[in-house]
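*Asks:* After the C-alpha cells below, expect a handful of questions from me.
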Amino acid sequence: MQTAFFLEDEFRGNINSSSLYDSLPNTNNSTLNVSDSRPKVAWRAGKSAPLATETSFEVDNDNRYIDMEDSGATTVTLSIPRGHYSGPTLATAITTSLAASPIASTWICQYAPTTGKFSLLKINPAANNIAFLWKTGPKGSDNADTSLVREIGFVNPGGTVTDSALASGHTSPYGRWNTHTFIRFKLDTSESLRAWICEIDNQSLGSKDETIDDANINIFGNNSNLGQLFNWQDSSSVDLEYSPGGIFSENQIRLAYVAGGDSANYTNWLFSWRHQDSHKIHTVKLCKAFLRTWSSTGRTLTTLRRAGLNDSSASLGVDNYYPVPKLRNWVAPLSFDSWPAAEYRTVVQGVVHHGRQNGFVWALRWDDIVDGNVNAEDEADKGFLLWGALQDYSLDTYVGESADYMSGDIVVEQIR
C-alpha cells in the first residue's frame, strides 16, 4: 500500500487551444478555470443559444458510417469523411454521400440549429423509401457499432438503438449542438507525467445525470500537435481513458494513468470529452497532469486512523426544523512513522512546502491502482483517492541516534 501525492499541475499555464466555446475572460468562464484549485470554479463549454456556425460535431473512427436499405433489401453503407463540422456542414457531407449512393441519390440531409435535429429526406417523390439500419446494419450497434446514430441524435445516452423503418423521411428525435469538448496543452519540455485527473459536472442534482454522456473521456499524448481528433486516435503515442466518476456524488475525481505506473513523456496533450447527448453546455471542473511524489523505497502507510466522510451539517431536531445542508467531504489524517529522513522530506515536507492554498491529488494505494488490484472509481468512493488540500500538520520528530529517521502527521481534506 504505497501512498502517493501529486502536487504541481504540469498543465497549468500551458493551455494552447480549446473547443469553440472559450468565453471572454470578463465572463469568468475561461478555459483557464480547469487549472483553478478552488471549489466550484469550472469552465462551461457551450452556449445556451448557439448560431448554426457555432454548432460543433466530430466524425471520427468510432462514428463515421450510415447503413441504409431500400424496399428491395439492397443494403448500402455510407462513409462520412472524418473531420470537425458545424451542423450545416455535417448535413452537407451526409447529403454528398447520399447523392453518390445507388439507392438514395435524391435524398438530402438538413440540420435545424433551433431544435438541433437532423432530417434525412427524399426530394423526389418517385424515389425509393429508405430504412436506416442503426441497429442491425454492418456498422450498427449489433455489429461494428461505428454508425453516426448517436452523433446526429437518433438515440440518447442510456437509450436503446433501433432501426428506422422504410419511410420517405426521418428526423432525429433528439437535438445535438456540440459533441466534443477538448483542451490541448503544449509543454515547453517533456515531463515524466504519471497521473492525469479531471472532473466534469454530471452530478448537479446530487445523483448522476444519466442524460449527460460521460462514457468517452480520454487524454492523448504526442510530441507533435496532431490536429483533429481522428488523427490523435490514429497516431498519438499514448491514449489513456479516464476512470468513471464515483457512484457517490461527494467525490467525482477521474483518474488516467499508464498501466503499471510508468511515466509518459510528451510535449503535446489533448484532453478529449466526446459527449453525444442533447445538452448545449458541458462543464469541465478540473483538467490536470502531475509528476509523482512518493517514497522511492516503498515506505507505506500501514494504518489510517480517524479518516472518513465528514458532514458538517446541523442535524434535524426539535429546535431545528430546517437545518441547512452542507456539502460532505472526505478527511484523511496521515501518519508517517519513522520514515528515512530523505524520503520524509521529499513526501511530507514536500506537501507542506506546496502550501495550504494549493490543491493536490492524494492516492492511498497508488501501487494497487496502477497494478490493477483496485480501481480508481472505488478508491474515490472510499475516500482513498481525492483532490484535496493540506489542512493541518504536526512539526517533525527526528530520530538520528543510530539512523536518520523522521516522523510526523498531516491532515488532507477534500476540497472538490
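Each chain of the C-alpha cells is named A, B, ... in the order shown, its residues numbered from 1; ligands are numbered from 1 in display order.
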Based on DSSP run over this structure's backbone, return all residues of range 140-254 of chain A in strand (DSSP E or B), as JSON, numbers by chain.
*Replies:* {"A": [147, 164, 165, 166, 167, 169, 170, 171, 178, 180, 181, 182, 183, 184, 185, 186, 193, 195, 196, 197, 198, 199, 200, 216, 217, 218, 219, 220, 221, 222, 238, 239, 240, 241, 254]}
*Asks:* Find the residues near Pro88 in chain A: any atom within 10 Å, counting only C-alpha atoms, skip ones fewer than 2 places away on the same chain, and give them as JSON, numbers by chain.
*Replies:* {"A": [52, 53, 55, 56, 57, 85, 86, 90, 91, 92, 93, 94, 109, 110, 111, 112, 113, 118]}
*Asks:* For the residues in the current selection, export C-alpha atoms as a PDB file, in the first residue's frame.
*Replies:*
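Result file follows (out.pdb):
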ATOM      1  CA  ALA A  52     -25.615  27.427 -36.777  1.00  0.00           C
ATOM      2  CA  THR A  53     -21.943  28.302 -37.311  1.00  0.00           C
ATOM      3  CA  THR A  55     -22.505  24.204 -33.508  1.00  0.00           C
ATOM      4  CA  SER A  56     -19.754  21.613 -33.305  1.00  0.00           C
ATOM      5  CA  PHE A  57     -19.665  17.960 -34.428  1.00  0.00           C
ATOM      6  CA  TYR A  85     -18.050  20.026 -38.707  1.00  0.00           C
ATOM      7  CA  SER A  86     -20.734  22.511 -37.846  1.00  0.00           C
ATOM      8  CA  LEU A  90     -22.119  17.878 -41.470  1.00  0.00           C
ATOM      9  CA  ALA A  91     -25.545  17.821 -43.131  1.00  0.00           C
ATOM     10  CA  THR A  92     -23.847  18.798 -46.419  1.00  0.00           C
ATOM     11  CA  ALA A  93     -21.279  15.992 -46.059  1.00  0.00           C
ATOM     12  CA  ILE A  94     -24.079  13.465 -45.471  1.00  0.00           C
ATOM     13  CA  CYS A 109     -29.765  15.795 -45.069  1.00  0.00           C
ATOM     14  CA  GLN A 110     -30.774  19.005 -43.292  1.00  0.00           C
ATOM     15  CA  TYR A 111     -29.891  20.467 -39.892  1.00  0.00           C
ATOM     16  CA  ALA A 112     -32.107  22.790 -37.822  1.00  0.00           C
ATOM     17  CA  PRO A 113     -29.986  24.726 -35.282  1.00  0.00           C
ATOM     18  CA  PHE A 118     -31.046  16.303 -38.359  1.00  0.00           C
TER      19      PHE A 118
END
*Asks:* Between A:Ala342, A:Val348, A:Ile217, A:Leu385, which is the closest to Phe182 in chain A once you count only C-alpha atoms?
*Replies:*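 Smallest separation from Phe182 in chain A among the options: A:Ile217.
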*Asks:* Can you pull out every residue from range 34-218 of chain A that DSSP, working from the backbone, puts in alpha helix (DSSP H), and format the result as a PyMOL selection string?
*Replies:* chain A and resi 87-99
*Asks:* Store the residues picked out above, limited to C-alpha atoms, as an mmCIF file, in the first residue's frame.
*Replies:*
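Wrote it out as selection-v3.cif, contents follow:
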data_model
loop_
_atom_site.group_PDB
_atom_site.id
_atom_site.type_symbol
_atom_site.label_atom_id
_atom_site.label_comp_id
_atom_site.auth_asym_id
_atom_site.auth_seq_id
_atom_site.Cartn_x
_atom_site.Cartn_y
_atom_site.Cartn_z
ATOM 1 C CA GLY A 87 -24.299 21.218 -38.018
ATOM 2 C CA PRO A 88 -24.898 22.573 -41.548
ATOM 3 C CA THR A 89 -21.536 21.362 -42.906
ATOM 4 C CA LEU A 90 -22.119 17.878 -41.470
ATOM 5 C CA ALA A 91 -25.545 17.821 -43.131
ATOM 6 C CA THR A 92 -23.847 18.798 -46.419
ATOM 7 C CA ALA A 93 -21.279 15.992 -46.059
ATOM 8 C CA ILE A 94 -24.079 13.465 -45.471
ATOM 9 C CA THR A 95 -26.009 14.810 -48.491
ATOM 10 C CA THR A 96 -22.904 14.386 -50.648
ATOM 11 C CA SER A 97 -22.577 10.748 -49.564
ATOM 12 C CA LEU A 98 -26.290 10.118 -50.167
ATOM 13 C CA ALA A 99 -26.024 11.594 -53.665
#
*Asks:* Which of these residues is nearest to Arg305 in chain A, using only C-alpha atoms: A:Asp188, A:Asp409, A:Glu401, A:Asp62?
*Replies:* A:Asp409
*Asks:* Might you pull out every residue within 8 Å of Asn310 in chain A, with only C-alpha atoms counted and same-chain residues fewer than 3 positions away left off, and present them as a PyMOL selection string?
*Replies:* chain A and resi 328-331
*Asks:* May I have the selected residues written with C-alpha atoms, as an mmCIF file, in the first residue's frame?
*Replies:*
data_model
loop_
_atom_site.group_PDB
_atom_site.id
_atom_site.type_symbol
_atom_site.label_atom_id
_atom_site.label_comp_id
_atom_site.auth_asym_id
_atom_site.auth_seq_id
_atom_site.Cartn_x
_atom_site.Cartn_y
_atom_site.Cartn_z
ATOM 1 C CA ARG A 328 -19.927 16.319 2.609
ATOM 2 C CA ASN A 329 -16.213 15.787 2.091
ATOM 3 C CA TRP A 330 -13.517 13.256 2.884
ATOM 4 C CA VAL A 331 -10.893 13.842 5.567
#
*Asks:* I'd like the contact shell of range 267-279 of chain A - 9 Å cut-off, only C-alpha atoms, skipping same-chain residues fewer than 3 positions apart - returned as number ranges by chain.
*Replies:* A: 11, 46, 58, 116, 150-153, 155-157, 174-191, 211-226, 229, 232, 282, 287
*Asks:* Do you know which residues are at most 12 Å from Tyr398 in chain A counting only C-alpha atoms, after dropping those on the same chain fewer than 6 positions away, and could you put them as a ChimeraX atom specification?
*Replies:* /A:336-342,344-345,404-408
*Asks:* For CA of Phe132 in chain A and CA of Thr146 in chain A, quote the distance in Å rounded to one decimal.
*Replies:*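 Value for the CA of Phe132 in chain A-CA of Thr146 in chain A distance: 13.7 Å.
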*Asks:* CA of Val59 in chain A to CA of Lys288 in chain A: how many Å, to one decimal?
*Replies:*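 These atoms are spaced 26.3 Å apart.
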*Asks:* Could you check how far CA of Thr300 in chain A sits from CA of Pro244 in chain A, in Å to one decimal?
*Replies:*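 Value for the CA of Thr300 in chain A-CA of Pro244 in chain A distance: 26.6 Å.
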*Asks:* Considering only C-alpha atoms, can you say which of A:Leu121, A:Ile130, A:Ala104, A:Leu148 comes closest to Asp60 in chain A?
*Replies:*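 Closest candidate: A:Leu148.
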